[in-house]
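Q: Quick one, data-v6.txt (compact mmCIF, C-alpha atoms and all ligand atoms):
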```
# COMPACT_ATOMS: atom_id res chain seq x y z
CA MET N 1 47.25 6.69 -36.76
CA LEU N 2 50.86 6.51 -37.88
CA VAL N 3 53.03 7.07 -34.79
CA LEU N 4 56.78 7.50 -34.60
CA VAL N 5 57.93 5.92 -31.33
CA VAL N 6 61.13 7.40 -29.92
CA ASN N 7 62.88 5.54 -27.10
CA ALA N 8 66.07 7.41 -26.19
CA GLY N 9 68.53 5.73 -23.83
CA SER N 10 71.77 6.97 -22.35
CA SER N 11 73.80 5.64 -25.29
CA SER N 12 71.13 4.21 -27.58
CA LEU N 13 68.11 5.15 -29.63
CA LYS N 14 65.29 2.75 -30.47
CA SER N 15 62.59 3.90 -32.81
CA GLN N 16 59.70 2.41 -34.76
CA LEU N 17 56.99 3.68 -37.05
CA ILE N 18 53.75 1.99 -36.03
CA GLU N 19 50.31 2.09 -37.66
CA THR N 20 48.18 1.78 -34.53
CA GLU N 21 45.03 0.62 -36.33
CA THR N 22 46.74 -2.55 -37.56
CA GLY N 23 49.58 -2.73 -35.04
CA GLU N 24 51.93 -2.99 -38.00
CA SER N 25 55.45 -1.66 -37.68
CA THR N 26 56.88 -0.32 -40.94
CA MET N 27 60.26 1.02 -39.77
CA LYS N 28 62.67 -0.14 -37.11
CA CYS N 29 65.75 1.72 -35.97
CA LEU N 30 68.40 0.92 -33.41
CA ALA N 31 71.37 3.19 -32.73
CA GLU N 32 74.00 1.83 -30.36
CA LYS N 33 77.25 3.00 -28.78
CA VAL N 34 76.00 6.54 -29.26
CA GLY N 35 78.64 9.08 -28.21
CA LEU N 36 81.50 6.68 -28.95
CA PRO N 37 83.78 6.72 -32.02
CA ASP N 38 82.27 3.41 -33.23
CA GLY N 39 78.65 4.51 -32.78
CA PHE N 40 76.27 3.29 -35.48
CA MET N 41 72.61 3.22 -36.44
CA ASN N 42 70.66 0.44 -38.17
CA VAL N 43 67.48 1.39 -40.02
CA SER N 44 65.17 -1.09 -41.75
CA PHE N 45 61.82 -0.88 -43.52
CA ALA N 46 58.90 -3.26 -44.07
CA PRO N 47 58.39 -5.72 -45.62
CA ASP N 48 61.89 -7.22 -45.60
CA PHE N 49 63.44 -5.22 -42.76
CA GLU N 50 66.82 -5.42 -44.40
CA LYS N 51 69.16 -3.28 -42.31
CA THR N 52 71.08 -0.29 -43.62
CA THR N 53 73.89 0.70 -41.27
CA TYR N 54 74.91 4.34 -40.85
CA GLU N 55 78.15 5.13 -39.08
CA MET N 56 77.47 7.71 -36.35
CA PRO N 57 80.81 8.49 -34.70
CA ASP N 58 80.88 10.82 -31.66
CA VAL N 59 77.31 12.07 -31.97
CA THR N 60 74.42 12.55 -29.55
CA VAL N 61 71.19 10.56 -29.33
CA ALA N 62 69.32 13.58 -30.75
CA ASP N 63 71.74 13.66 -33.72
CA CYS N 64 70.79 10.05 -34.44
CA LEU N 65 67.10 10.98 -34.40
CA VAL N 66 67.71 13.84 -36.83
CA LYS N 67 69.54 11.43 -39.16
CA LEU N 68 66.72 8.91 -38.86
CA LEU N 69 64.14 11.56 -39.82
CA GLU N 70 66.28 12.56 -42.78
CA VAL N 71 66.42 8.91 -43.93
CA LEU N 72 62.67 8.48 -43.35
CA GLY N 73 61.93 11.55 -45.46
CA SER N 74 64.26 10.69 -48.34
CA ASP N 75 64.93 6.95 -48.66
CA PRO N 76 62.97 5.47 -51.60
CA ALA N 77 62.21 2.40 -49.45
CA SER N 78 60.71 4.54 -46.65
CA PRO N 79 57.07 3.72 -45.87
CA VAL N 80 56.20 7.46 -45.91
CA LYS N 81 56.43 9.88 -48.82
CA SER N 82 56.53 12.81 -46.46
CA LEU N 83 56.92 13.15 -42.70
CA ASP N 84 53.53 14.94 -42.71
CA GLU N 85 51.96 11.48 -42.86
CA ILE N 86 53.09 10.88 -39.27
CA GLY N 87 50.20 11.72 -36.90
CA ALA N 88 52.16 11.88 -33.63
CA ILE N 89 55.44 11.18 -31.94
CA GLY N 90 55.31 8.96 -28.85
CA ASN N 91 58.32 9.56 -26.62
CA ARG N 92 59.38 7.21 -23.87
CA VAL N 93 60.41 9.26 -20.84
CA VAL N 94 62.11 7.36 -18.05
CA HIS N 95 61.36 9.57 -15.03
CA GLY N 96 58.24 11.64 -14.51
CA GLY N 97 58.74 12.04 -10.75
CA GLU N 98 55.53 12.79 -8.86
CA HIS N 99 54.14 14.90 -11.69
CA PHE N 100 52.62 12.28 -13.98
CA SER N 101 50.34 9.31 -13.39
CA SER N 102 49.62 8.69 -17.07
CA SER N 103 50.86 9.59 -20.54
CA VAL N 104 50.40 13.26 -21.54
CA LEU N 105 50.41 15.57 -24.51
CA ILE N 106 53.68 17.50 -24.45
CA ASP N 107 53.60 21.27 -23.95
CA ASP N 108 56.02 23.75 -22.36
CA ASP N 109 54.71 23.03 -18.86
CA VAL N 110 55.17 19.25 -19.32
CA LEU N 111 58.71 19.80 -20.59
CA ALA N 112 59.57 21.95 -17.56
CA LYS N 113 58.27 19.23 -15.23
CA ILE N 114 60.27 16.50 -17.03
CA GLU N 115 63.32 18.74 -16.85
CA SER N 116 62.84 19.05 -13.08
CA CYS N 117 63.23 15.23 -12.85
CA ASN N 118 66.61 15.19 -14.60
CA ASP N 119 68.48 14.76 -11.32
CA LEU N 120 66.48 11.59 -10.66
CA ALA N 121 67.46 9.99 -14.01
CA PRO N 122 70.60 11.82 -15.10
CA LEU N 123 71.55 9.23 -17.74
CA HIS N 124 68.14 8.85 -19.35
CA ASN N 125 65.97 11.97 -19.04
CA PRO N 126 68.38 14.47 -20.67
CA PRO N 127 68.84 12.54 -23.96
CA GLY N 128 65.08 11.92 -24.10
CA LEU N 129 64.39 15.63 -23.59
CA ALA N 130 67.00 16.58 -26.18
CA CYS N 131 65.15 14.41 -28.73
CA ILE N 132 61.82 16.07 -27.88
CA TYR N 133 63.30 19.60 -28.14
CA LYS N 134 64.86 18.73 -31.49
CA THR N 135 61.70 17.27 -33.05
CA ARG N 136 59.63 20.21 -31.71
CA GLU N 137 62.08 22.58 -33.36
CA LEU N 138 61.99 20.71 -36.69
CA TYR N 139 58.25 19.89 -36.71
CA PRO N 140 56.53 22.45 -34.45
CA ASN N 141 53.06 21.32 -35.52
CA MET N 142 53.57 17.61 -34.87
CA PRO N 143 51.71 16.54 -31.69
CA GLN N 144 54.00 14.82 -29.21
CA VAL N 145 53.15 12.58 -26.29
CA ALA N 146 55.31 11.58 -23.31
CA VAL N 147 54.91 8.04 -21.98
CA PHE N 148 56.56 7.59 -18.59
CA ASP N 149 58.27 4.51 -17.15
CA THR N 150 57.21 5.70 -13.72
CA ALA N 151 53.51 6.51 -14.41
CA PHE N 152 52.04 3.01 -13.89
CA HIS N 153 53.46 2.98 -10.37
CA ALA N 154 51.76 6.25 -9.33
CA THR N 155 49.08 4.12 -7.59
CA MET N 156 51.50 2.75 -4.98
CA PRO N 157 50.47 3.57 -1.40
CA ALA N 158 52.81 5.71 0.73
CA LYS N 159 53.76 2.72 2.89
CA ALA N 160 55.24 1.13 -0.24
CA TYR N 161 56.86 4.19 -1.78
CA MET N 162 58.35 5.90 1.28
CA TYR N 163 61.85 5.07 2.51
CA PRO N 164 62.46 4.98 6.27
CA ILE N 165 64.85 7.96 6.23
CA PRO N 166 64.14 11.43 7.72
CA MET N 167 60.94 12.90 6.26
CA GLU N 168 62.73 16.16 5.40
CA TYR N 169 64.49 14.42 2.49
CA TYR N 170 61.20 13.40 0.94
CA LYS N 171 59.87 16.93 1.44
CA LYS N 172 63.02 18.63 0.14
CA HIS N 173 64.13 16.28 -2.63
CA ALA N 174 61.14 13.97 -3.31
CA ILE N 175 63.28 10.96 -2.38
CA ARG N 176 60.90 8.00 -2.60
CA ARG N 177 60.30 4.83 -4.57
CA TYR N 178 59.03 5.60 -8.09
CA GLY N 179 59.46 2.30 -9.94
CA PHE N 180 60.23 1.79 -13.61
CA HIS N 181 59.34 -0.44 -16.59
CA GLY N 182 55.78 0.76 -15.92
CA THR N 183 54.63 0.46 -19.54
CA SER N 184 55.84 -3.14 -19.57
CA HIS N 185 54.32 -4.10 -16.20
CA GLY N 186 50.95 -2.57 -17.12
CA TYR N 187 50.87 -4.31 -20.50
CA ALA N 188 52.00 -7.63 -19.00
CA ALA N 189 49.24 -7.50 -16.37
CA ARG N 190 46.48 -6.60 -18.87
CA THR N 191 47.63 -9.21 -21.40
CA ALA N 192 47.89 -11.92 -18.73
CA ALA N 193 44.34 -11.11 -17.57
CA GLU N 194 43.16 -11.64 -21.16
CA LEU N 195 45.09 -14.93 -21.33
CA VAL N 196 43.46 -16.30 -18.18
CA GLY N 197 40.07 -14.91 -19.24
CA LYS N 198 39.32 -12.74 -16.18
CA PRO N 199 38.98 -8.97 -15.70
CA VAL N 200 42.26 -7.49 -14.51
CA GLU N 201 40.27 -5.71 -11.75
CA GLU N 202 39.61 -9.08 -10.10
CA LEU N 203 43.17 -10.39 -10.17
CA GLY N 204 46.28 -10.26 -8.01
CA ILE N 205 49.21 -10.41 -10.42
CA ILE N 206 52.98 -10.48 -9.96
CA THR N 207 54.62 -9.15 -13.12
CA CYS N 208 58.29 -10.07 -13.63
CA HIS N 209 60.07 -7.90 -16.19
CA LEU N 210 63.38 -9.75 -16.44
CA GLY N 211 65.68 -8.24 -19.05
CA ASN N 212 69.07 -6.60 -18.92
CA GLY N 213 67.40 -4.34 -16.38
CA GLY N 214 64.81 -6.12 -14.27
CA SER N 215 61.97 -5.35 -11.91
CA ILE N 216 59.03 -7.16 -10.34
CA THR N 217 55.70 -5.50 -9.53
CA ALA N 218 52.75 -6.46 -7.36
CA VAL N 219 49.59 -5.55 -9.31
CA ASP N 220 46.33 -5.59 -7.34
CA GLY N 221 43.18 -5.15 -9.44
CA GLY N 222 45.22 -3.74 -12.34
CA LYS N 223 47.06 -1.20 -10.16
CA SER N 224 50.71 -1.24 -9.12
CA VAL N 225 50.89 -1.52 -5.32
CA ASP N 226 54.62 -2.17 -4.98
CA THR N 227 57.63 -2.63 -7.21
CA THR N 228 61.27 -3.56 -6.73
CA MET N 229 62.92 -0.55 -8.41
CA GLY N 230 63.10 2.62 -6.37
CA LEU N 231 64.18 6.24 -6.63
CA THR N 232 66.32 5.07 -9.54
CA PRO N 233 66.44 1.85 -11.56
CA LEU N 234 69.32 0.58 -9.37
CA GLU N 235 67.23 -0.92 -6.56
CA GLY N 236 65.72 -4.38 -6.46
CA LEU N 237 66.78 -7.40 -8.48
CA MET N 238 70.30 -8.27 -9.51
CA MET N 239 70.65 -7.14 -13.15
CA GLY N 240 73.07 -7.25 -16.09
CA THR N 241 75.43 -4.63 -14.66
CA ARG N 242 73.40 -3.24 -11.73
CA CYS N 243 73.71 -4.57 -8.20
CA GLY N 244 70.08 -4.23 -7.09
CA ASP N 245 69.50 -4.48 -3.32
CA ILE N 246 72.63 -4.20 -1.20
CA ASP N 247 73.30 -2.92 2.30
CA PRO N 248 73.52 0.89 1.81
CA ALA N 249 76.43 0.94 4.29
CA ILE N 250 78.53 -0.74 1.58
CA ILE N 251 78.70 2.64 -0.19
CA PRO N 252 80.57 4.66 2.50
CA PHE N 253 82.55 1.52 3.37
CA LEU N 254 83.83 1.23 -0.23
CA MET N 255 84.48 4.98 -0.43
CA ASN N 256 86.67 4.80 2.69
CA LYS N 257 88.47 1.55 1.97
CA GLU N 258 89.13 2.16 -1.73
CA GLY N 259 89.40 5.95 -1.66
CA LEU N 260 86.58 6.25 -4.17
CA SER N 261 84.30 9.22 -4.81
CA ALA N 262 80.51 8.92 -4.63
CA ALA N 263 80.41 9.12 -8.44
CA GLU N 264 82.91 6.28 -8.75
CA VAL N 265 80.92 4.03 -6.42
CA ASP N 266 77.77 4.94 -8.36
CA THR N 267 79.47 3.77 -11.57
CA ILE N 268 80.57 0.51 -9.94
CA LEU N 269 77.07 -0.24 -8.70
CA ASN N 270 75.34 0.74 -11.95
CA LYS N 271 77.80 -0.46 -14.57
CA LYS N 272 80.21 -3.00 -13.08
CA SER N 273 78.02 -5.09 -10.78
CA GLY N 274 75.23 -7.62 -11.29
CA PHE N 275 75.96 -10.52 -13.67
CA LEU N 276 79.04 -8.74 -14.97
CA GLY N 277 80.51 -7.99 -11.57
CA VAL N 278 79.92 -11.39 -9.97
CA SER N 279 80.71 -13.62 -12.96
CA GLY N 280 83.53 -11.47 -14.36
CA VAL N 281 82.33 -12.79 -17.73
CA SER N 282 79.50 -10.68 -19.15
CA SER N 283 76.33 -8.75 -18.39
CA ASP N 284 74.45 -10.99 -20.81
CA MET N 285 72.73 -13.98 -19.27
CA ARG N 286 73.44 -16.20 -22.28
CA ASP N 287 77.21 -15.67 -21.92
CA VAL N 288 77.03 -16.30 -18.18
CA GLU N 289 75.03 -19.50 -18.76
CA GLU N 290 77.60 -20.69 -21.28
CA ALA N 291 80.51 -19.94 -18.93
CA ALA N 292 78.74 -21.76 -16.08
CA ALA N 293 78.15 -24.79 -18.33
CA ASN N 294 81.90 -24.78 -19.03
CA GLY N 295 82.68 -24.97 -15.32
CA ASN N 296 83.14 -21.28 -14.38
CA GLU N 297 82.13 -21.26 -10.70
CA ASP N 298 81.68 -17.49 -10.43
CA ALA N 299 79.33 -17.60 -13.43
CA GLN N 300 77.34 -20.40 -11.74
CA LEU N 301 77.19 -18.38 -8.53
CA ALA N 302 75.93 -15.32 -10.46
CA LEU N 303 73.12 -17.42 -11.96
CA ASP N 304 72.22 -18.92 -8.57
CA MET N 305 72.13 -15.46 -6.97
CA TYR N 306 69.96 -14.09 -9.77
CA ILE N 307 67.38 -16.89 -9.49
CA TYR N 308 67.39 -16.68 -5.67
CA ARG N 309 66.73 -12.94 -5.71
CA VAL N 310 63.88 -13.28 -8.22
CA GLN N 311 62.33 -15.98 -6.00
CA LYS N 312 62.65 -13.75 -2.92
CA ALA N 313 60.93 -10.85 -4.69
CA ILE N 314 58.08 -13.06 -5.93
CA GLY N 315 57.70 -14.47 -2.42
CA SER N 316 57.53 -11.03 -0.83
CA TYR N 317 54.75 -9.92 -3.21
CA PHE N 318 52.93 -13.20 -2.63
CA ALA N 319 52.89 -12.10 1.01
CA ILE N 320 51.58 -8.57 0.51
CA LEU N 321 48.96 -9.11 -2.22
CA PRO N 322 45.50 -10.02 -0.83
CA HIS N 323 45.53 -12.96 -3.28
CA THR N 324 47.94 -13.99 -6.01
CA ASP N 325 46.28 -15.44 -9.09
CA VAL N 326 48.83 -14.95 -11.83
CA ILE N 327 52.60 -14.59 -12.21
CA VAL N 328 53.77 -13.10 -15.51
CA MET N 329 57.20 -13.49 -17.08
CA THR N 330 58.23 -10.90 -19.66
CA ALA N 331 61.29 -9.21 -21.32
CA GLY N 332 64.55 -10.80 -22.59
CA VAL N 333 65.21 -13.37 -19.85
CA GLY N 334 61.56 -13.81 -18.81
CA GLU N 335 60.41 -14.47 -22.37
CA ASN N 336 63.34 -16.47 -23.66
CA SER N 337 65.19 -18.32 -20.94
CA ILE N 338 63.41 -21.63 -20.53
CA SER N 339 66.01 -22.74 -17.99
CA ALA N 340 65.75 -19.57 -15.85
CA ARG N 341 61.96 -20.04 -15.66
CA GLU N 342 62.43 -23.70 -14.74
CA LYS N 343 64.79 -22.80 -11.91
CA ILE N 344 62.70 -19.89 -10.60
CA PHE N 345 59.52 -21.96 -10.38
CA ALA N 346 61.21 -25.16 -9.17
CA GLY N 347 61.86 -23.24 -5.94
CA LEU N 348 58.23 -22.15 -5.57
CA GLU N 349 56.53 -25.55 -5.69
CA HIS N 350 55.90 -25.52 -1.94
CA LEU N 351 53.51 -22.62 -2.64
CA GLY N 352 51.58 -24.89 -5.00
CA ILE N 353 53.03 -23.04 -8.03
CA LYS N 354 53.81 -25.52 -10.82
CA LEU N 355 55.22 -24.99 -14.25
CA ASP N 356 54.14 -27.30 -17.11
CA ALA N 357 57.50 -28.44 -18.55
CA GLU N 358 56.10 -28.86 -22.05
CA ALA N 359 54.19 -25.55 -22.10
CA ASN N 360 57.34 -23.83 -20.77
CA ASN N 361 59.30 -24.99 -23.81
CA VAL N 362 58.47 -21.77 -25.65
CA ARG N 363 59.96 -18.35 -26.35
CA GLY N 364 58.50 -14.89 -26.88
CA LYS N 365 54.80 -15.87 -27.08
CA ASN N 366 51.72 -14.82 -25.15
CA THR N 367 50.72 -18.08 -23.49
CA ILE N 368 50.01 -19.90 -20.22
CA ILE N 369 52.90 -22.06 -19.03
CA SER N 370 51.63 -23.38 -15.65
CA ALA N 371 50.36 -26.88 -14.97
CA ALA N 372 46.58 -27.37 -14.77
CA ASP N 373 46.78 -28.03 -11.00
CA SER N 374 49.03 -25.03 -10.22
CA SER N 375 47.69 -22.77 -7.42
CA VAL N 376 48.70 -19.73 -9.49
CA GLN N 377 48.60 -19.42 -13.27
CA ILE N 378 51.93 -18.55 -14.86
CA CYS N 379 51.83 -16.54 -18.09
CA LEU N 380 54.44 -15.62 -20.62
CA VAL N 381 53.90 -12.23 -22.28
CA ALA N 382 56.06 -10.94 -25.14
CA ALA N 383 57.04 -7.39 -24.15
CA ASP N 384 55.92 -4.80 -26.70
CA GLU N 385 56.84 -1.44 -25.21
CA GLU N 386 56.89 0.34 -28.56
CA ALA N 387 53.31 -0.73 -29.40
CA CYS N 388 52.12 0.47 -25.96
CA ILE N 389 53.78 3.86 -26.48
CA ALA N 390 52.27 4.17 -29.97
CA ASN N 391 48.78 3.28 -28.68
CA ASP N 392 48.95 5.84 -25.85
CA ALA N 393 50.11 8.53 -28.29
CA ALA N 394 47.34 7.68 -30.79
CA GLU N 395 44.68 7.69 -28.06
CA ILE N 396 45.73 11.07 -26.67
CA VAL N 397 46.25 12.78 -30.03
CA GLY N 398 43.13 11.12 -31.53
CA ALA N 399 41.01 12.71 -28.77
CA LEU N 400 42.23 16.27 -29.50
P1 LIG L 1 66.16 -7.12 -22.68
O1 LIG L 1 66.80 -6.08 -21.82
O2 LIG L 1 64.69 -7.30 -22.39
O3 LIG L 1 66.46 -6.98 -24.13
O4 LIG L 1 66.83 -8.54 -22.24
C1 LIG L 1 68.19 -8.79 -22.40
C2 LIG L 1 68.57 -10.03 -21.59
O5 LIG L 1 67.79 -11.15 -22.05
C3 LIG L 1 70.04 -10.43 -21.73
O6 LIG L 1 70.58 -10.75 -20.45
C4 LIG L 1 69.96 -11.67 -22.58
O7 LIG L 1 71.01 -12.57 -22.29
C5 LIG L 1 68.65 -12.27 -22.16
N1 LIG L 1 68.19 -13.24 -23.16
C6 LIG L 1 67.72 -13.00 -24.40
N2 LIG L 1 67.47 -14.19 -25.03
C7 LIG L 1 67.81 -15.17 -24.14
C8 LIG L 1 67.79 -16.59 -24.17
N3 LIG L 1 67.37 -17.25 -25.25
N4 LIG L 1 68.21 -17.27 -23.08
C9 LIG L 1 68.64 -16.60 -21.99
N5 LIG L 1 68.67 -15.28 -21.89
C10 LIG L 1 68.26 -14.56 -22.95
```
Represent the supplied structure as structure tokens.
A:
Amino acid sequence: MLVLVVNAGSSSLKSQLIETETGESTMKCLAEKVGLPDGFMNVSFAPDFEKTTYEMPDVTVADCLVKLLEVLGSDPASPVKSLDEIGAIGNRVVHGGEHFSSSVLIDDDVLAKIESCNDLAPLHNPPGLACIYKTRELYPNMPQVAVFDTAFHATMPAKAYMYPIPMEYYKKHAIRRYGFHGTSHGYAARTAAELVGKPVEELGIITCHLGNGGSITAVDGGKSVDTTMGLTPLEGLMMGTRCGDIDPAIIPFLMNKEGLSAAEVDTILNKKSGFLGVSGVSSDMRDVEEAAANGNEDAQLALDMYIYRVQKAIGSYFAILPHTDVIVMTAGVGENSISAREKIFAGLEHLGIKLDAEANNVRGKNTIISAADSSVQICLVAADEEACIANDAAEIVGAL
């Protein structure tokens, strides 16, 4: 089935056209800086994927999607003659709250439930919903599927997802851990099980999605039993611009000392912290690595903190899983940073976990990178969120 994958962010749109039978992608689109005067959108088609750039000043994410559909329907290089050839739209939805434990066919009831989660993901759910409303308006007969970042974590037990705050806040506002990057963690666990040649049901796996955002999940028998992100994607690891775990008392302390509003502190913790905040250089690990190599001590400290916090999270899941058989590295840093992997695993050798230096000298491939005598196998899995979304959409729509 030909599936249009729509991944709407707060200021970006990623989209691909994927033929699920072959796994082939025939269109790739990336819109960035959406909402800003210098917003733009790159669209490219198979086989060459030569980019055409469209200026998109001061528009919304849904406007970008409308433009993309216009280009898809009219560009002579487009892989489709008519948009009727598309069998389904697969939409990434960041927050499904407690409503969804798997991907679903979108109807009015599903949309109302997603809408009720907007408060939990105010930057991400509204632009995603706006895209769905727009495509439903333009193509009312096109089946649409929602694939949730939170769904994979629906199997977490209450002891993992509850916060030790008064119960009334869970009952009134559904404040609990939800977890994110679920599509990626699920795919990483299943792919790693294939790589080590064992059924996922028999394995204890720690999946490390280390990108600009990052989270680590404990996967027992193929099911998420704990994850580092929480009510929102701010908790857990140190990230590009997000602080991850901090003492919650820092929030009122900062508000009092600096005369800041709650919204201002929220912006600091989400957008000005992490690699960017500590290094003062960049949110991008490559820039921070370069600055550290040139003697910038804050950049070096940011890298050390990042590695340390990843090690702590892996260690804590080692402790709570009944057995840990596999650790998986995926996403931008996990797949590509040979040096970050070296440093993370150098600190875990006392657990018998050993990287094979030669096997680790690789980027973006599905492969095993641990030494033969390692107590735990380490796998590298190339993240492919778009393919997972397309496959879910094809499966659900194919069964109609
Ligand atoms: P993602 O959010 O999955 O796209 O990952 C983005 C992050 O991956 C950024 O911090 C990048 O600096 C990092 N990244 C990508 N390639 C490399 C690389 N070769 N070495 C180190 N970090 C990388």
Q: Could you please extract the residues within 12 Å of ligand LIG 1 (chain L), counting only C-alpha atoms and all ligand atoms, and hand them back as a ChimeraX atom specification?
A: /N:14,181,184,208-215,238-242,274-276,282-290,303,306,329-342,361-364,381-385
Q: With C-alpha atoms kept, could you save the residues just selected as a PDB file, keeping the file's coordinate frame?
A:
```pdb
ATOM      1  CA  LYS N  14      65.290   2.750 -30.470  1.00  0.00           C
ATOM      2  CA  HIS N 181      59.340  -0.440 -16.590  1.00  0.00           C
ATOM      3  CA  SER N 184      55.840  -3.140 -19.570  1.00  0.00           C
ATOM      4  CA  CYS N 208      58.290 -10.070 -13.630  1.00  0.00           C
ATOM      5  CA  HIS N 209      60.070  -7.900 -16.190  1.00  0.00           C
ATOM      6  CA  LEU N 210      63.380  -9.750 -16.440  1.00  0.00           C
ATOM      7  CA  GLY N 211      65.680  -8.240 -19.050  1.00  0.00           C
ATOM      8  CA  ASN N 212      69.070  -6.600 -18.920  1.00  0.00           C
ATOM      9  CA  GLY N 213      67.400  -4.340 -16.380  1.00  0.00           C
ATOM     10  CA  GLY N 214      64.810  -6.120 -14.270  1.00  0.00           C
ATOM     11  CA  SER N 215      61.970  -5.350 -11.910  1.00  0.00           C
ATOM     12  CA  MET N 238      70.300  -8.270  -9.510  1.00  0.00           C
ATOM     13  CA  MET N 239      70.650  -7.140 -13.150  1.00  0.00           C
ATOM     14  CA  GLY N 240      73.070  -7.250 -16.090  1.00  0.00           C
ATOM     15  CA  THR N 241      75.430  -4.630 -14.660  1.00  0.00           C
ATOM     16  CA  ARG N 242      73.400  -3.240 -11.730  1.00  0.00           C
ATOM     17  CA  GLY N 274      75.230  -7.620 -11.290  1.00  0.00           C
ATOM     18  CA  PHE N 275      75.960 -10.520 -13.670  1.00  0.00           C
ATOM     19  CA  LEU N 276      79.040  -8.740 -14.970  1.00  0.00           C
ATOM     20  CA  SER N 282      79.500 -10.680 -19.150  1.00  0.00           C
ATOM     21  CA  SER N 283      76.330  -8.750 -18.390  1.00  0.00           C
ATOM     22  CA  ASP N 284      74.450 -10.990 -20.810  1.00  0.00           C
ATOM     23  CA  MET N 285      72.730 -13.980 -19.270  1.00  0.00           C
ATOM     24  CA  ARG N 286      73.440 -16.200 -22.280  1.00  0.00           C
ATOM     25  CA  ASP N 287      77.210 -15.670 -21.920  1.00  0.00           C
ATOM     26  CA  VAL N 288      77.030 -16.300 -18.180  1.00  0.00           C
ATOM     27  CA  GLU N 289      75.030 -19.500 -18.760  1.00  0.00           C
ATOM     28  CA  GLU N 290      77.600 -20.690 -21.280  1.00  0.00           C
ATOM     29  CA  LEU N 303      73.120 -17.420 -11.960  1.00  0.00           C
ATOM     30  CA  TYR N 306      69.960 -14.090  -9.770  1.00  0.00           C
ATOM     31  CA  MET N 329      57.200 -13.490 -17.080  1.00  0.00           C
ATOM     32  CA  THR N 330      58.230 -10.900 -19.660  1.00  0.00           C
ATOM     33  CA  ALA N 331      61.290  -9.210 -21.320  1.00  0.00           C
ATOM     34  CA  GLY N 332      64.550 -10.800 -22.590  1.00  0.00           C
ATOM     35  CA  VAL N 333      65.210 -13.370 -19.850  1.00  0.00           C
ATOM     36  CA  GLY N 334      61.560 -13.810 -18.810  1.00  0.00           C
ATOM     37  CA  GLU N 335      60.410 -14.470 -22.370  1.00  0.00           C
ATOM     38  CA  ASN N 336      63.340 -16.470 -23.660  1.00  0.00           C
ATOM     39  CA  SER N 337      65.190 -18.320 -20.940  1.00  0.00           C
ATOM     40  CA  ILE N 338      63.410 -21.630 -20.530  1.00  0.00           C
ATOM     41  CA  SER N 339      66.010 -22.740 -17.990  1.00  0.00           C
ATOM     42  CA  ALA N 340      65.750 -19.570 -15.850  1.00  0.00           C
ATOM     43  CA  ARG N 341      61.960 -20.040 -15.660  1.00  0.00           C
ATOM     44  CA  GLU N 342      62.430 -23.700 -14.740  1.00  0.00           C
ATOM     45  CA  ASN N 361      59.300 -24.990 -23.810  1.00  0.00           C
ATOM     46  CA  VAL N 362      58.470 -21.770 -25.650  1.00  0.00           C
ATOM     47  CA  ARG N 363      59.960 -18.350 -26.350  1.00  0.00           C
ATOM     48  CA  GLY N 364      58.500 -14.890 -26.880  1.00  0.00           C
ATOM     49  CA  VAL N 381      53.900 -12.230 -22.280  1.00  0.00           C
ATOM     50  CA  ALA N 382      56.060 -10.940 -25.140  1.00  0.00           C
ATOM     51  CA  ALA N 383      57.040  -7.390 -24.150  1.00  0.00           C
ATOM     52  CA  ASP N 384      55.920  -4.800 -26.700  1.00  0.00           C
ATOM     53  CA  GLU N 385      56.840  -1.440 -25.210  1.00  0.00           C
TER      54      GLU N 385
END
```
Q: Separation of atom CA of Thr150 of chain N and atom CA of Leu120 of chain N, in Å?
A: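 Computing it gives 11.4 Å between the two atoms.
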Q: Mind pulling up the distance from atom CA of Lys28 of chain N to atom CA of Asp48 of chain N?
A: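 Computed distance, atom CA of Asp48 of chain N to atom CA of Lys28 of chain N, equals 11.1 Å.
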Q: Quick one, how far is atom CA of Ile378 of chain N from atom CA of Leu355 of chain N?
A: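 Atom-to-atom, atom CA of Ile378 of chain N and atom CA of Leu355 of chain N are spaced 7.3 Å apart.
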Q: For Pro199 of chain N, please output as a list in words all residues within 12 Å (counting all atoms listed in the file; exclusion window: fewer than 4 positions along the same chain).
A: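 Residues meeting the cut-off are Ala189, Arg190, Thr191, Ala192, Ala193, Glu194, Leu195, Leu203, Gly204, Ile205, Asp220, Gly221, Gly222 and Asp325 of chain N.
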Q: Could you save those same residues with C-alpha atoms as a PDB file, in the frame of the given file?
A:
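Okay, again34.pdb is ready:
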```pdb
ATOM      1  CA  ALA N 189      49.240  -7.500 -16.370  1.00  0.00           C
ATOM      2  CA  ARG N 190      46.480  -6.600 -18.870  1.00  0.00           C
ATOM      3  CA  THR N 191      47.630  -9.210 -21.400  1.00  0.00           C
ATOM      4  CA  ALA N 192      47.890 -11.920 -18.730  1.00  0.00           C
ATOM      5  CA  ALA N 193      44.340 -11.110 -17.570  1.00  0.00           C
ATOM      6  CA  GLU N 194      43.160 -11.640 -21.160  1.00  0.00           C
ATOM      7  CA  LEU N 195      45.090 -14.930 -21.330  1.00  0.00           C
ATOM      8  CA  LEU N 203      43.170 -10.390 -10.170  1.00  0.00           C
ATOM      9  CA  GLY N 204      46.280 -10.260  -8.010  1.00  0.00           C
ATOM     10  CA  ILE N 205      49.210 -10.410 -10.420  1.00  0.00           C
ATOM     11  CA  ASP N 220      46.330  -5.590  -7.340  1.00  0.00           C
ATOM     12  CA  GLY N 221      43.180  -5.150  -9.440  1.00  0.00           C
ATOM     13  CA  GLY N 222      45.220  -3.740 -12.340  1.00  0.00           C
ATOM     14  CA  ASP N 325      46.280 -15.440  -9.090  1.00  0.00           C
TER      15      ASP N 325
END
```
